[in-house]
Every structure is written in C-alpha cells, then in structure tokens.
Amino acid sequence: MIDIHNHILPGIDDGCRSLEESLELARLAVKEGIHHIIATPHHANGRYQNEAEKVRQAAAQLNLALSEEGVNLQIHTGQEIRVYKELLDDLNAGKLLTLAGSRYMLLEFPSRQVPEGIEDLLHELSLAGITAIIAHPERNMELVGNLSRLADLIDRGALAQMTTHSINGLFGRKIQSISLDMCRSNLIHFLSSDAHNPMERPFFLQTAATYIMKKLGEGTYSYYKENASRVLYNQEIIPISHNVHNKKRFLFW
Ligand SMILES: [Fe+2]
C-alpha cells in the first residue's frame with residue numbers, strides 16, 4: 001500500500017518529533033503493508049515553512065536510517081501546502097514540491113472556509129500541468145456544509161483526499177458520517193493517513209480500508225488504492241462522476 005499524506009519526517013512540523021519516532025512510525029507502516037510513503041510536511045501554514053530543499057534533505061536522511069535499520073519502506077518527497085498568496089511565485093522559484101515528483105500537489109485549506117480565489121489558483125496550476133489534491137475536505141466547515149462547493153472544485157479539475165482517522169471515527173461520529181457521505185457522493189479520490197506520530201495518530205489505513213469495503217464495497221477501496229499508485233507513478237487519474245445535487249446541510253458543531 002501507498003500513503004500519500006503524512007507527517008513522518010522528524011522534527012520539521014507537528015508530526016514526528018525525533019528520528020526514533022519516525023522509525024517507530026515507519027515500522028508500524030510496514031506492519032500494515034505500507035511500503036511507499038509520500039511524506040508531506042506542512043508548508044506555509046503560518047507555523048511551519050518547509051521548502052523543497054529542506055524536505056528533500058529530511059527525506060534522504062530518513063531513507064538512509066530506514067535502510068540502516070533494515071526497514072522495508074521508501075520515503076518520497078511532498079508537502080502539504082496551505083493555500084497562500086505567493087504560492088505560484090514560490091512554485092516558479094522551485095520552493096514547492098509535488099507528490100513524489102508527479103503532476104499532483106497536495107493543498108490544505110483553512111479549517112473554516114474555502115480560500116478566496118481558489119478557482120483562479122486551480123486554473124493557474126492546471127496551466128502549469130499540476131492537478132491539485134484537496135487534503136481532508138471532510139475537515140473544512142464550508143465544504144462539509146455544502147457538498148456542491150466541493151463538487152464544483154472537482155469539476156474544475158481538483159481531486160480530494162480523505163483521512164483514515166475521519167473514516168475510522170477518531171474525530172467523532174459527525175465527521176465519520178460526513179466522510180461516508182462524501183465517499184458515497186463520489187467526491188473522494190484517495191484514502192490516506194495524515195499520520196503524525198506512532199502514539200495518537202498512526203496510519204490505520206487497514207482499519208479504514210476494511211470499514212470502506214464493508215460500507216461502500218470493495219470497488220470503492222480499490223479505486224482509492226489504485227489512485228495512490230497512480231500518484232506515485234505519475235499516471236492520469238480519471239475522476240468518477242459525482243452525484244451531488246445542491247447538497248447543503250445544516251451544521252450543529
Ligand atoms: Fe496533514
């Protein structure tokens with residue numbers, strides 16, 4: 001299996017705090033059958049700046065340590081990029097990374113709303129040959145309250161990644177129910193962990209896969225699994241048609 005969103009690199013964001021923690025998390029990944037990880041430290045989220053070169057170095061160091069420890073896991077580079085004003089300038093300046101050097105880039109929205117000007121950004125990225133993957137839309141209040149908004153972004157070429165902990169219910173039943181709703185509406189293209197550490201937030205990809213297969217069928221999980229592989233090998237992803245028709249919901253947080 002392949003995980004395309006996590007914070008396994010040590011000491012550069014709110015993920016693993018030390019090399020030991022990263023190695024522990026890596027061993028848990030292998031236990032679950034994960035052998036490729038695209039590491040996506042936070043970038044430009046107001047707390048952490050992790051430009052491309054810093055991520056490359058951290059990934060190379062962790063790969064070396066994994067090899068020395070005999071852990072059968074390969075780390076690839078990426079970033080979880082908060083949508084910010086200078087994003088396109090920084091892309092042109094070589095400060096940003098796509099996922100494993102592919103055409104896919106992981107974008108993070110603020111938790112409350114969809115960033116202003118996102119449509120223009122998606123358009124500009126597509127002109128640069130980049131497809132945006134929206135990280136965990138099930139944790140964005142505007143998208144949760146209005147699935148049509150997410151559907152519109154997907155119609156404009158974006159893809160969306162669901163977090164295993166949301167599906168598994170670790171963020172509460174409401175998020176779990178919204179997550180299933182998004183999956184059922186064909187608004188999700190990837191399942192990945194957003195793992196931060198071996199204690200509170202490991203991968204739980206197997207648990208989420210089992211739950212999705214039970215609730216939505218094996219085909220849904222196969223689609224997510226295949227798409228993660230398509231990111232790693234930079235192959236085209238065909239979105240399946242969503243079935244959203246003005247789905248708005250009232251929120252009771
Ligand atoms: Fe993340």
# chains A, B, ... in the order shown; residues from 1 in each chain; ligands from 1
call {"tool": "closest_atom_pairs", "arguments": {"of": "chain A", "to": "ligand 1", "cutoff": "9 Å", "atoms": "only C-alpha atoms and all ligand atoms", "output": "CSV"}}
result
residue,atom,partner,partner_atom_place_in_ligand_line,distance
A:His5,CA,ligand 1,1 (Fe),6.1
A:Asn6,CA,ligand 1,1 (Fe),5.6
A:His7,CA,ligand 1,1 (Fe),6.4
A:Gly15,CA,ligand 1,1 (Fe),8.6
A:Thr40,CA,ligand 1,1 (Fe),6.9
A:Pro41,CA,ligand 1,1 (Fe),7.0
A:His42,CA,ligand 1,1 (Fe),6.6
A:Gln79,CA,ligand 1,1 (Fe),8.8
A:Glu80,CA,ligand 1,1 (Fe),6.2
A:Glu108,CA,ligand 1,1 (Fe),7.9
A:Ala135,CA,ligand 1,1 (Fe),7.4
A:His136,CA,ligand 1,1 (Fe),8.3
A:Thr163,CA,ligand 1,1 (Fe),8.9
A:Ser193,CA,ligand 1,1 (Fe),8.4
A:Asp194,CA,ligand 1,1 (Fe),4.7
A:Ala195,CA,ligand 1,1 (Fe),7.3
A:His196,CA,ligand 1,1 (Fe),7.7
call {"tool": "residues_around", "arguments": {"residues": "Tyr48 (chain A)", "least_positions_apart": "4", "cutoff": "9 Å", "atoms": "only C-alpha atoms", "output": "PyMOL selection string"}}
result
chain A and resi 12-14+41-44
call {"tool": "residues_around", "arguments": {"residues": "Thr98 (chain A)", "least_positions_apart": "5", "cutoff": "8 Å", "atoms": "only C-alpha atoms", "output": "list in words"}}
result
Thr77, Gly78, Gln79, Arg103, Tyr104, Met105 and Leu106 of chain A
call {"tool": "write_last_selection", "arguments": {"atoms": "C-alpha atoms", "output": "mmCIF file, in the first residue's frame"}}
result
data_model
loop_
_atom_site.group_PDB
_atom_site.id
_atom_site.type_symbol
_atom_site.label_atom_id
_atom_site.label_comp_id
_atom_site.auth_asym_id
_atom_site.auth_seq_id
_atom_site.Cartn_x
_atom_site.Cartn_y
_atom_site.Cartn_z
ATOM 1 C CA THR A 77 9.022 13.793 -1.074
ATOM 2 C CA GLY A 78 5.984 16.048 -0.957
ATOM 3 C CA GLN A 79 4.454 18.901 1.005
ATOM 4 C CA ARG A 103 1.827 16.149 -11.560
ATOM 5 C CA TYR A 104 -0.133 16.031 -8.263
ATOM 6 C CA MET A 105 0.159 18.612 -5.469
ATOM 7 C CA LEU A 106 -1.413 18.370 -2.001
#
call {"tool": "residues_around", "arguments": {"residues": "Leu232 (chain A)", "least_positions_apart": "2", "cutoff": "9 Å", "atoms": "only C-alpha atoms", "output": "number ranges by chain"}}
result
A: 2, 4, 36, 38, 76, 99-102, 227-230, 234-235
call {"tool": "select_by_dssp", "arguments": {"residues": "region 78-184 of chain A", "states": "alpha helix (DSSP H)", "output": "PyMOL selection string"}}
result
chain A and resi 87-92+118-127+141-145+147-155+164-168+173-184
call {"tool": "select_by_dssp", "arguments": {"residues": "region 22-55 of chain A", "states": "strand (DSSP E)", "output": "PyMOL selection string"}}
result
chain A and resi 36-39+42-43
call {"tool": "write_last_selection", "arguments": {"atoms": "N, CA, C and O atoms", "output": "tab-separated table (two decimals), in the first residue's frame"}}
result
chain	number	residue	atom	x	y	z
A	36	HIS	N	5.50	2.27	0.57
A	36	HIS	CA	5.87	3.56	-0.02
A	36	HIS	C	5.09	4.65	0.69
A	36	HIS	O	3.86	4.57	0.82
A	37	ILE	N	5.81	5.69	1.10
A	37	ILE	CA	5.18	6.80	1.79
A	37	ILE	C	5.62	8.09	1.12
A	37	ILE	O	6.82	8.32	0.93
A	38	ILE	N	4.64	8.91	0.76
A	38	ILE	CA	4.99	10.25	0.29
A	38	ILE	C	4.86	11.16	1.50
A	38	ILE	O	3.76	11.38	2.02
A	39	ALA	N	5.99	11.65	1.99
A	39	ALA	CA	6.00	12.49	3.19
A	39	ALA	C	5.55	13.90	2.82
A	39	ALA	O	6.05	14.48	1.86
A	42	HIS	N	3.94	20.02	6.68
A	42	HIS	CA	3.24	21.28	6.47
A	42	HIS	C	4.17	22.30	5.83
A	42	HIS	O	5.34	22.39	6.19
A	43	HIS	N	3.62	23.09	4.93
A	43	HIS	CA	4.37	24.22	4.38
A	43	HIS	C	3.46	25.44	4.30
A	43	HIS	O	2.34	25.35	3.80
call {"tool": "closest_residue", "arguments": {"among": "A:Asn186, A:Glu21, A:Val144, A:Ile75", "to": "Ala59 (chain A)", "atoms": "only C-alpha atoms"}}
result
A:Ile75
call {"tool": "atom_distance", "arguments": {"atom1": "CA of Ser179 (chain A)", "atom2": "CA of Thr220 (chain A)"}}
result
13.3 Å
call {"tool": "residues_around", "arguments": {"residues": "region 202-205 of chain A", "least_positions_apart": "3", "cutoff": "10 Å", "atoms": "only C-alpha atoms", "output": "short mmCIF file (atom, residue, chain, number, x, y, z; two decimals) with N, CA, C and O atoms, in the first residue's frame"}}
result
data_model
loop_
_atom_site.label_atom_id
_atom_site.label_comp_id
_atom_site.auth_asym_id
_atom_site.auth_seq_id
_atom_site.Cartn_x
_atom_site.Cartn_y
_atom_site.Cartn_z
N MET A 1 0.84 -1.20 0.00
CA MET A 1 0.00 0.00 0.00
C MET A 1 0.88 1.25 0.00
O MET A 1 2.03 1.22 0.40
N ILE A 2 0.26 2.32 -0.42
CA ILE A 2 0.97 3.61 -0.54
C ILE A 2 0.21 4.66 0.25
O ILE A 2 -1.01 4.75 0.14
N ASP A 3 0.95 5.43 1.05
CA ASP A 3 0.30 6.51 1.79
C ASP A 3 0.78 7.85 1.20
O ASP A 3 2.00 8.07 1.09
N HIS A 5 -0.21 11.06 2.27
CA HIS A 5 -0.31 12.25 3.14
C HIS A 5 0.01 11.86 4.58
O HIS A 5 -0.74 11.12 5.21
N ASN A 6 1.11 12.37 5.09
CA ASN A 6 1.52 12.08 6.48
C ASN A 6 2.66 13.00 6.88
O ASN A 6 3.20 13.74 6.05
N HIS A 7 2.99 12.94 8.15
CA HIS A 7 3.99 13.85 8.71
C HIS A 7 5.09 13.03 9.40
O HIS A 7 5.39 13.20 10.57
N ILE A 8 5.68 12.11 8.62
CA ILE A 8 6.64 11.16 9.18
C ILE A 8 8.06 11.74 9.31
O ILE A 8 8.86 11.25 10.08
N GLU A 24 9.82 4.43 14.42
CA GLU A 24 8.72 3.65 15.03
C GLU A 24 7.48 3.70 14.13
O GLU A 24 6.82 2.69 13.89
N LEU A 25 7.17 4.91 13.65
CA LEU A 25 6.02 5.07 12.76
C LEU A 25 6.23 4.27 11.47
O LEU A 25 5.31 3.63 10.95
N ALA A 26 7.46 4.28 10.97
CA ALA A 26 7.79 3.54 9.75
C ALA A 26 7.57 2.04 9.97
O ALA A 26 7.04 1.35 9.09
N LEU A 28 5.47 0.69 11.99
CA LEU A 28 4.01 0.47 12.01
C LEU A 28 3.46 0.44 10.59
O LEU A 28 2.54 -0.33 10.28
N ALA A 29 4.02 1.28 9.74
CA ALA A 29 3.57 1.30 8.33
C ALA A 29 3.81 -0.06 7.69
O ALA A 29 2.89 -0.64 7.07
N GLU A 32 1.42 -2.68 8.54
CA GLU A 32 0.12 -2.56 7.86
C GLU A 32 0.21 -2.91 6.38
O GLU A 32 -0.78 -2.87 5.67
N GLY A 33 1.44 -3.15 5.90
CA GLY A 33 1.61 -3.46 4.48
C GLY A 33 1.88 -2.24 3.62
O GLY A 33 1.71 -2.26 2.40
N ILE A 34 2.29 -1.14 4.25
CA ILE A 34 2.64 0.09 3.51
C ILE A 34 4.15 0.06 3.24
O ILE A 34 4.94 -0.06 4.18
N THR A 163 -9.11 11.42 5.04
CA THR A 163 -8.17 10.95 6.07
C THR A 163 -8.72 9.72 6.78
O THR A 163 -9.91 9.68 7.15
N THR A 164 -7.86 8.73 7.00
CA THR A 164 -8.30 7.47 7.60
C THR A 164 -8.98 7.69 8.96
O THR A 164 -9.97 7.05 9.27
N HIS A 165 -8.43 8.60 9.77
CA HIS A 165 -8.98 8.81 11.11
C HIS A 165 -10.41 9.37 11.05
O HIS A 165 -11.20 9.13 11.95
N ILE A 167 -12.64 8.59 8.69
CA ILE A 167 -13.45 7.42 8.34
C ILE A 167 -13.58 6.48 9.54
O ILE A 167 -14.63 5.89 9.79
N ASN A 168 -12.49 6.36 10.29
CA ASN A 168 -12.49 5.43 11.43
C ASN A 168 -13.26 5.96 12.64
O ASN A 168 -13.43 5.25 13.62
N LEU A 191 -7.59 7.71 -0.16
CA LEU A 191 -7.69 7.48 1.28
C LEU A 191 -6.26 7.47 1.79
O LEU A 191 -5.44 6.67 1.32
N SER A 192 -5.95 8.36 2.71
CA SER A 192 -4.60 8.28 3.27
C SER A 192 -4.59 8.80 4.70
O SER A 192 -5.60 9.30 5.20
N SER A 193 -3.45 8.60 5.38
CA SER A 193 -3.49 8.61 6.85
C SER A 193 -3.42 9.98 7.52
O SER A 193 -3.99 10.17 8.58
N ASP A 194 -2.68 10.91 6.94
CA ASP A 194 -2.34 12.15 7.66
C ASP A 194 -1.72 11.78 9.01
O ASP A 194 -1.93 12.47 10.02
N ALA A 195 -0.96 10.68 9.03
CA ALA A 195 -0.32 10.21 10.27
C ALA A 195 0.65 11.27 10.79
O ALA A 195 1.36 11.91 10.01
N HIS A 196 0.65 11.43 12.12
CA HIS A 196 1.54 12.42 12.74
C HIS A 196 2.58 11.78 13.66
O HIS A 196 3.67 12.31 13.81
N ASN A 197 2.19 10.71 14.32
CA ASN A 197 3.12 10.07 15.27
C ASN A 197 2.64 8.65 15.57
O ASN A 197 1.52 8.29 15.24
N PRO A 198 3.53 7.84 16.18
CA PRO A 198 3.16 6.44 16.39
C PRO A 198 2.13 6.23 17.51
O PRO A 198 1.49 5.18 17.56
N MET A 199 1.95 7.22 18.39
CA MET A 199 1.07 7.02 19.55
C MET A 199 -0.38 7.38 19.24
O MET A 199 -1.24 6.52 19.15
N ALA A 208 -9.33 1.58 8.09
CA ALA A 208 -10.20 2.41 7.24
C ALA A 208 -10.58 1.65 5.97
O ALA A 208 -11.73 1.73 5.51
N ALA A 209 -9.63 0.91 5.42
CA ALA A 209 -9.91 0.13 4.20
C ALA A 209 -11.01 -0.89 4.48
O ALA A 209 -11.96 -1.03 3.69
N THR A 210 -10.90 -1.58 5.60
CA THR A 210 -11.90 -2.60 5.96
C THR A 210 -13.27 -1.95 6.12
O THR A 210 -14.28 -2.48 5.64
N TYR A 211 -13.31 -0.80 6.78
CA TYR A 211 -14.57 -0.09 7.01
C TYR A 211 -15.21 0.34 5.68
O TYR A 211 -16.41 0.17 5.46
#
call {"tool": "residues_around", "arguments": {"residues": "Arg156 (chain A)", "least_positions_apart": "2", "cutoff": "9 Å", "atoms": "only C-alpha atoms", "output": "list of chain:residue names"}}
result
A:Glu119, A:Leu122, A:His123, A:Ala151, A:Asp152, A:Leu153, A:Ile154, A:Ala158
call {"tool": "closest_residue", "arguments": {"among": "A:Asp89, A:Arg201, A:Gln176, A:Arg184", "to": "Gly217 (chain A)", "atoms": "only C-alpha atoms"}}
result
A:Arg184
call {"tool": "closest_residue", "arguments": {"among": "A:Leu64, A:Val83, A:Ala93, A:Cys183", "to": "Ala160 (chain A)", "atoms": "only C-alpha atoms"}}
result
A:Cys183
call {"tool": "closest_residue", "arguments": {"among": "A:His242, A:Lys225, A:Lys174, A:Arg82", "to": "Leu150 (chain A)", "atoms": "only C-alpha atoms"}}
result
A:His242
call {"tool": "atom_distance", "arguments": {"atom1": "CA of Leu87 (chain A)", "atom2": "CA of Gly129 (chain A)"}}
result
14.9 Å
call {"tool": "decode", "arguments": {"residues": "region 179-216 of chain A", "atoms": "N, CA and C atoms", "output": "short mmCIF file (atom, residue, chain, number, x, y, z; two decimals), in the first residue's frame"}}
result
data_model
loop_
_atom_site.label_atom_id
_atom_site.label_comp_id
_atom_site.auth_asym_id
_atom_site.auth_seq_id
_atom_site.Cartn_x
_atom_site.Cartn_y
_atom_site.Cartn_z
N SER A 179 -17.86 12.00 6.25
CA SER A 179 -16.85 11.35 5.41
C SER A 179 -17.49 10.30 4.51
N LEU A 180 -18.35 9.48 5.10
CA LEU A 180 -19.02 8.45 4.31
C LEU A 180 -19.89 9.08 3.23
N ASP A 181 -20.55 10.18 3.61
CA ASP A 181 -21.40 10.91 2.67
C ASP A 181 -20.58 11.40 1.46
N MET A 182 -19.41 11.94 1.75
CA MET A 182 -18.54 12.42 0.66
C MET A 182 -18.09 11.27 -0.22
N CYS A 183 -17.75 10.14 0.41
CA CYS A 183 -17.32 8.96 -0.37
C CYS A 183 -18.49 8.49 -1.25
N ARG A 184 -19.67 8.39 -0.64
CA ARG A 184 -20.85 7.91 -1.38
C ARG A 184 -21.19 8.84 -2.55
N SER A 185 -20.90 10.13 -2.38
CA SER A 185 -21.21 11.10 -3.43
C SER A 185 -20.14 11.15 -4.51
N ASN A 186 -19.16 10.24 -4.41
CA ASN A 186 -18.04 10.18 -5.38
C ASN A 186 -17.23 11.48 -5.41
N LEU A 187 -17.05 12.06 -4.24
CA LEU A 187 -16.26 13.29 -4.16
C LEU A 187 -14.85 13.02 -3.65
N ILE A 188 -14.53 11.77 -3.39
CA ILE A 188 -13.23 11.41 -2.81
C ILE A 188 -12.46 10.52 -3.79
N HIS A 189 -11.16 10.76 -3.87
CA HIS A 189 -10.32 10.01 -4.81
C HIS A 189 -9.18 9.26 -4.14
N PHE A 190 -8.88 9.62 -2.89
CA PHE A 190 -7.77 8.98 -2.17
C PHE A 190 -8.15 8.78 -0.71
N LEU A 191 -7.59 7.71 -0.16
CA LEU A 191 -7.69 7.48 1.28
C LEU A 191 -6.26 7.47 1.79
N SER A 192 -5.95 8.36 2.71
CA SER A 192 -4.60 8.28 3.27
C SER A 192 -4.59 8.80 4.70
N SER A 193 -3.45 8.60 5.38
CA SER A 193 -3.49 8.61 6.85
C SER A 193 -3.42 9.98 7.52
N ASP A 194 -2.68 10.91 6.94
CA ASP A 194 -2.34 12.15 7.66
C ASP A 194 -1.72 11.78 9.01
N ALA A 195 -0.96 10.68 9.03
CA ALA A 195 -0.32 10.21 10.27
C ALA A 195 0.65 11.27 10.79
N HIS A 196 0.65 11.43 12.12
CA HIS A 196 1.54 12.42 12.74
C HIS A 196 2.58 11.78 13.66
N ASN A 197 2.19 10.71 14.32
CA ASN A 197 3.12 10.07 15.27
C ASN A 197 2.64 8.65 15.57
N PRO A 198 3.53 7.84 16.18
CA PRO A 198 3.16 6.44 16.39
C PRO A 198 2.13 6.23 17.51
N MET A 199 1.95 7.22 18.39
CA MET A 199 1.07 7.02 19.55
C MET A 199 -0.38 7.38 19.24
N GLU A 200 -0.65 8.69 19.06
CA GLU A 200 -2.05 9.12 18.88
C GLU A 200 -2.52 9.03 17.43
N ARG A 201 -1.61 9.30 16.50
CA ARG A 201 -2.06 9.37 15.10
C ARG A 201 -1.16 8.57 14.17
N PRO A 202 -1.24 7.22 14.24
CA PRO A 202 -0.52 6.41 13.25
C PRO A 202 -1.33 6.29 11.96
N PHE A 203 -1.13 5.25 11.17
CA PHE A 203 -1.75 5.19 9.84
C PHE A 203 -3.22 4.73 9.88
N PHE A 204 -3.45 3.57 10.47
CA PHE A 204 -4.80 2.97 10.50
C PHE A 204 -5.42 2.90 9.10
N LEU A 205 -4.57 2.65 8.12
CA LEU A 205 -5.05 2.55 6.73
C LEU A 205 -5.84 1.24 6.54
N GLN A 206 -5.34 0.17 7.16
CA GLN A 206 -6.03 -1.13 7.05
C GLN A 206 -7.43 -1.06 7.66
N THR A 207 -7.53 -0.41 8.85
CA THR A 207 -8.82 -0.30 9.52
C THR A 207 -9.80 0.48 8.64
N ALA A 208 -9.33 1.58 8.09
CA ALA A 208 -10.20 2.41 7.24
C ALA A 208 -10.58 1.65 5.97
N ALA A 209 -9.63 0.91 5.42
CA ALA A 209 -9.91 0.13 4.20
C ALA A 209 -11.01 -0.89 4.48
N THR A 210 -10.90 -1.58 5.60
CA THR A 210 -11.90 -2.60 5.96
C THR A 210 -13.27 -1.95 6.12
N TYR A 211 -13.31 -0.80 6.78
CA TYR A 211 -14.57 -0.09 7.01
C TYR A 211 -15.21 0.34 5.68
N ILE A 212 -14.39 0.88 4.80
CA ILE A 212 -14.90 1.34 3.50
C ILE A 212 -15.41 0.16 2.67
N MET A 213 -14.67 -0.93 2.71
CA MET A 213 -15.12 -2.11 1.94
C MET A 213 -16.46 -2.62 2.47
N LYS A 214 -16.61 -2.56 3.81
CA LYS A 214 -17.85 -3.02 4.42
C LYS A 214 -19.02 -2.08 4.07
N LYS A 215 -18.77 -0.79 4.16
CA LYS A 215 -19.86 0.18 3.97
C LYS A 215 -20.13 0.51 2.51
N LEU A 216 -19.06 0.56 1.70
CA LEU A 216 -19.21 1.06 0.33
C LEU A 216 -18.80 0.06 -0.75
#
